[in-house]
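Asks: Starting off with a structure, shown below.
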Amino acid sequence: MLRISVLVSGGGTNLQAVIDSIETGRIRNAEVACIISSNPQAFALERGIKHGIKTFVIDKSQYPAMSLRTKAIISALKEEKTDLVVLAGYMSVLEPELIEAFRGKIINIHPSLIPKYCGKGFYGHHVHEAVIAAGEKESGATVHFVDEGVDTGPIIIQQKVPVLEGDTPDDLGARVLKIEHQILTEAINKVISGL
Ligand code: GRF
């Protein structure tokens, strides 16, 4: 069994997609080892608890220094015998020590067609606002390996969605999110077959 740990900060619909894919056999020979949240209020934690998955909150209030948060994350990941780390709406940049500890074994989902609309400042609704403001005709989602840059690692999978006339950022975000759920499962399967 390959052990996947998922890092989250928010609603956790991508986490839910991973859990569902494992439960329905779309992802095989894998289990969610643990969920680590940077936000104690994240609804993602409730999703994990509902499925009997171990959860950790590693946040600023307990560990004000980023380096201590990084150490706590690494030790939780190791304690849970993590083979693959999935960043699913994790709103914090990883320090090099963590990337080094799981080199080639960390993937992230981003709601744009990287290299467009990614990097510093491009997260959540900011991405979709910028896409619409630029008059783009298409957007999409990308799953990529994580390296020391922000959204710069090798792309595993990418899928497009149309930007429709009159779309609000929320409309576009919802369309992209649906695609995220699909390609995250596909990307995990691709990575598992390569590990
Ligand atoms: C997704 O759009 C993801 O790409 C981004 O944050 C959002 C998280 O959504 N990084 P959820 O918490 O998985 O519902």
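Just so we're on the same page: first chain in the structure tokens is A, next is B, and so on; residues restart at 1 for each chain, and ligands are numbered from 1 in the order they show up.
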Within 8 Å of ligand 1, which residues show up when you count only C-alpha atoms and all ligand atoms? List them as a list of chain:residue names, please.

Replies: A:Val8, A:Ser9, A:Gly10, A:Gly11, A:Gly12, A:Thr13, A:Asn14, A:Leu15, A:Gln16, A:Ala44, A:Leu87, A:Ala88, A:Gly89, A:Tyr90, A:Met91, A:Asn108, A:Ile109, A:His110, A:Pro111, A:Ser112, A:Tyr123, A:Gly124, A:Ala141, A:Gly173, A:Val176, A:Leu177, A:Glu180

Asks: Identify, on the basis of only C-alpha atoms, every residue whose closest approach to Lys190 (chain A) does not exceed 12 Å; exclude the query and any residue fewer than 6 positions from it along the same chain; express the result as a ChimeraX atom specification.

Replies: /A:26-28,107,143-145,155-157,183-184

Asks: Mind writing the picked residues with C-alpha atoms as a short mmCIF file (atom, residue, chain, number, x, y, z; two decimals), in the first residue's frame?

Replies:
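Everything below was put into result29.cif:
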data_model
loop_
_atom_site.label_atom_id
_atom_site.label_comp_id
_atom_site.auth_asym_id
_atom_site.auth_seq_id
_atom_site.Cartn_x
_atom_site.Cartn_y
_atom_site.Cartn_z
CA ARG A 26 -9.95 4.62 -9.30
CA ILE A 27 -6.70 4.89 -7.35
CA ARG A 28 -5.46 1.42 -6.44
CA ILE A 107 2.91 17.08 -6.10
CA VAL A 143 -0.73 19.01 -11.44
CA HIS A 144 3.04 19.29 -11.15
CA PHE A 145 5.95 18.09 -9.06
CA ILE A 155 4.20 19.20 -15.14
CA ILE A 156 2.52 15.82 -14.70
CA ILE A 157 -0.85 16.57 -16.22
CA ILE A 183 -6.72 15.31 -13.05
CA LEU A 184 -5.53 14.95 -9.47
#

Asks: Looking only at strand (DSSP E or B) from DSSP on the backbone, list the matching residues of region 90-136 of chain A as a PyMOL selection string.

Replies: chain A and resi 106-110

Asks: What would the file look like if the residues just selected were written as a PDB file, in the first residue's frame with C-alpha atoms?

Replies:
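part28.pdb, written as the output of this step:
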ATOM      1  CA  ILE A 106       5.604  15.994  -3.650  1.00  0.00           C
ATOM      2  CA  ILE A 107       2.911  17.081  -6.098  1.00  0.00           C
ATOM      3  CA  ASN A 108       0.712  20.172  -6.184  1.00  0.00           C
ATOM      4  CA  ILE A 109      -2.535  21.081  -7.906  1.00  0.00           C
ATOM      5  CA  HIS A 110      -2.804  24.580  -9.325  1.00  0.00           C
TER       6      HIS A 110
END

Asks: Give me, as a ChimeraX atom specification, all polymer residues having an atom no more than 9 Å from Glu95 (chain A), counting only C-alpha atoms and skipping those fewer than 4 positions away in the same chain.

Replies: /A:66-67,70,99-100,148

Asks: So, with only C-alpha atoms as the atoms that count, which of A:Val127, A:Val57, A:Val6, A:Cys34 lies closest to Thr168 (chain A)?

Replies: A:Val127

Asks: Residues within 9 Å of Arg175 (chain A), please, as a PDB file with N, CA, C and O atoms, in the first residue's frame. Count only C-alpha atoms; anything in the same chain fewer than 4 positions from it doesn't count.

Replies:
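File out.pdb, as written:
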ATOM      1  N   GLY A 140      -7.601  26.464 -17.092  1.00  0.00           N
ATOM      2  CA  GLY A 140      -7.506  25.035 -16.809  1.00  0.00           C
ATOM      3  C   GLY A 140      -6.829  24.776 -15.490  1.00  0.00           C
ATOM      4  O   GLY A 140      -6.755  25.652 -14.628  1.00  0.00           O
ATOM      5  N   VAL A 161     -10.094  24.193 -19.715  1.00  0.00           N
ATOM      6  CA  VAL A 161     -11.544  24.443 -19.722  1.00  0.00           C
ATOM      7  C   VAL A 161     -11.768  25.762 -20.460  1.00  0.00           C
ATOM      8  O   VAL A 161     -10.876  26.608 -20.491  1.00  0.00           O
ATOM      9  N   PRO A 162     -12.943  25.942 -21.061  1.00  0.00           N
ATOM     10  CA  PRO A 162     -13.197  27.215 -21.726  1.00  0.00           C
ATOM     11  C   PRO A 162     -13.506  28.323 -20.716  1.00  0.00           C
ATOM     12  O   PRO A 162     -14.024  28.050 -19.637  1.00  0.00           O
ATOM     13  N   VAL A 163     -13.167  29.553 -21.077  1.00  0.00           N
ATOM     14  CA  VAL A 163     -13.664  30.719 -20.327  1.00  0.00           C
ATOM     15  C   VAL A 163     -14.861  31.211 -21.133  1.00  0.00           C
ATOM     16  O   VAL A 163     -14.727  31.514 -22.323  1.00  0.00           O
ATOM     17  N   ASP A 170     -15.904  33.311  -9.864  1.00  0.00           N
ATOM     18  CA  ASP A 170     -16.478  32.138  -9.200  1.00  0.00           C
ATOM     19  C   ASP A 170     -16.963  31.093 -10.193  1.00  0.00           C
ATOM     20  O   ASP A 170     -16.796  29.891  -9.981  1.00  0.00           O
ATOM     21  N   ASP A 171     -17.579  31.560 -11.301  1.00  0.00           N
ATOM     22  CA  ASP A 171     -18.039  30.608 -12.333  1.00  0.00           C
ATOM     23  C   ASP A 171     -16.849  29.833 -12.883  1.00  0.00           C
ATOM     24  O   ASP A 171     -16.876  28.607 -13.005  1.00  0.00           O
ATOM     25  N   ILE A 179     -12.416  20.020 -12.929  1.00  0.00           N
ATOM     26  CA  ILE A 179     -11.308  19.422 -13.676  1.00  0.00           C
ATOM     27  C   ILE A 179     -10.167  19.029 -12.726  1.00  0.00           C
ATOM     28  O   ILE A 179      -9.523  18.004 -12.897  1.00  0.00           O
ATOM     29  N   GLU A 180      -9.940  19.884 -11.716  1.00  0.00           N
ATOM     30  CA  GLU A 180      -8.885  19.576 -10.737  1.00  0.00           C
ATOM     31  C   GLU A 180      -9.128  18.198 -10.128  1.00  0.00           C
ATOM     32  O   GLU A 180      -8.202  17.389  -9.998  1.00  0.00           O
TER      33      GLU A 180
END

Asks: Given only C-alpha atoms as the basis, pick out the residue of A:His125, A:Asp20, A:Leu84, A:Ile58 nearest to Leu172 (chain A).

Replies: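 Ranking A:His125, A:Asp20, A:Leu84, A:Ile58 by distance to Leu172 (chain A), first place goes to A:His125.
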
Asks: Go through region 15-141 of chain A and collect every residue that DSSP, computed from the backbone, puts in alpha helix (DSSP H); the answer should be as a ChimeraX atom specification.

Replies: /A:15-23,43-50,66-79,96-101,125-133

Asks: Near Thr55 (chain A), counting only C-alpha atoms, which residues have an atom at most 10 Å away, once you skip same-chain residues fewer than 4 positions from it, shown as a list in words?

Replies: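 Final neighbour list, sorted by chain and number: Ser5, Val6, Leu7, Ala33, Cys34, Ile35, Ile36, Ser37, Ala44, Leu45, Glu46, Arg47, Gly48, Ile49 and Ala76 of chain A.
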
Asks: So, counting only C-alpha atoms, which residue among A:Thr185, A:Arg3, A:Lys178, A:Ala133 is closest to Lys78 (chain A)?

Replies: A:Arg3

Asks: Tell me which of A:Val93, A:Val85, A:Ala174, A:Leu98 sits closest to Val150 (chain A), counting only C-alpha atoms.

Replies: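 For Val150 (chain A), the nearest of the candidates is A:Val93.
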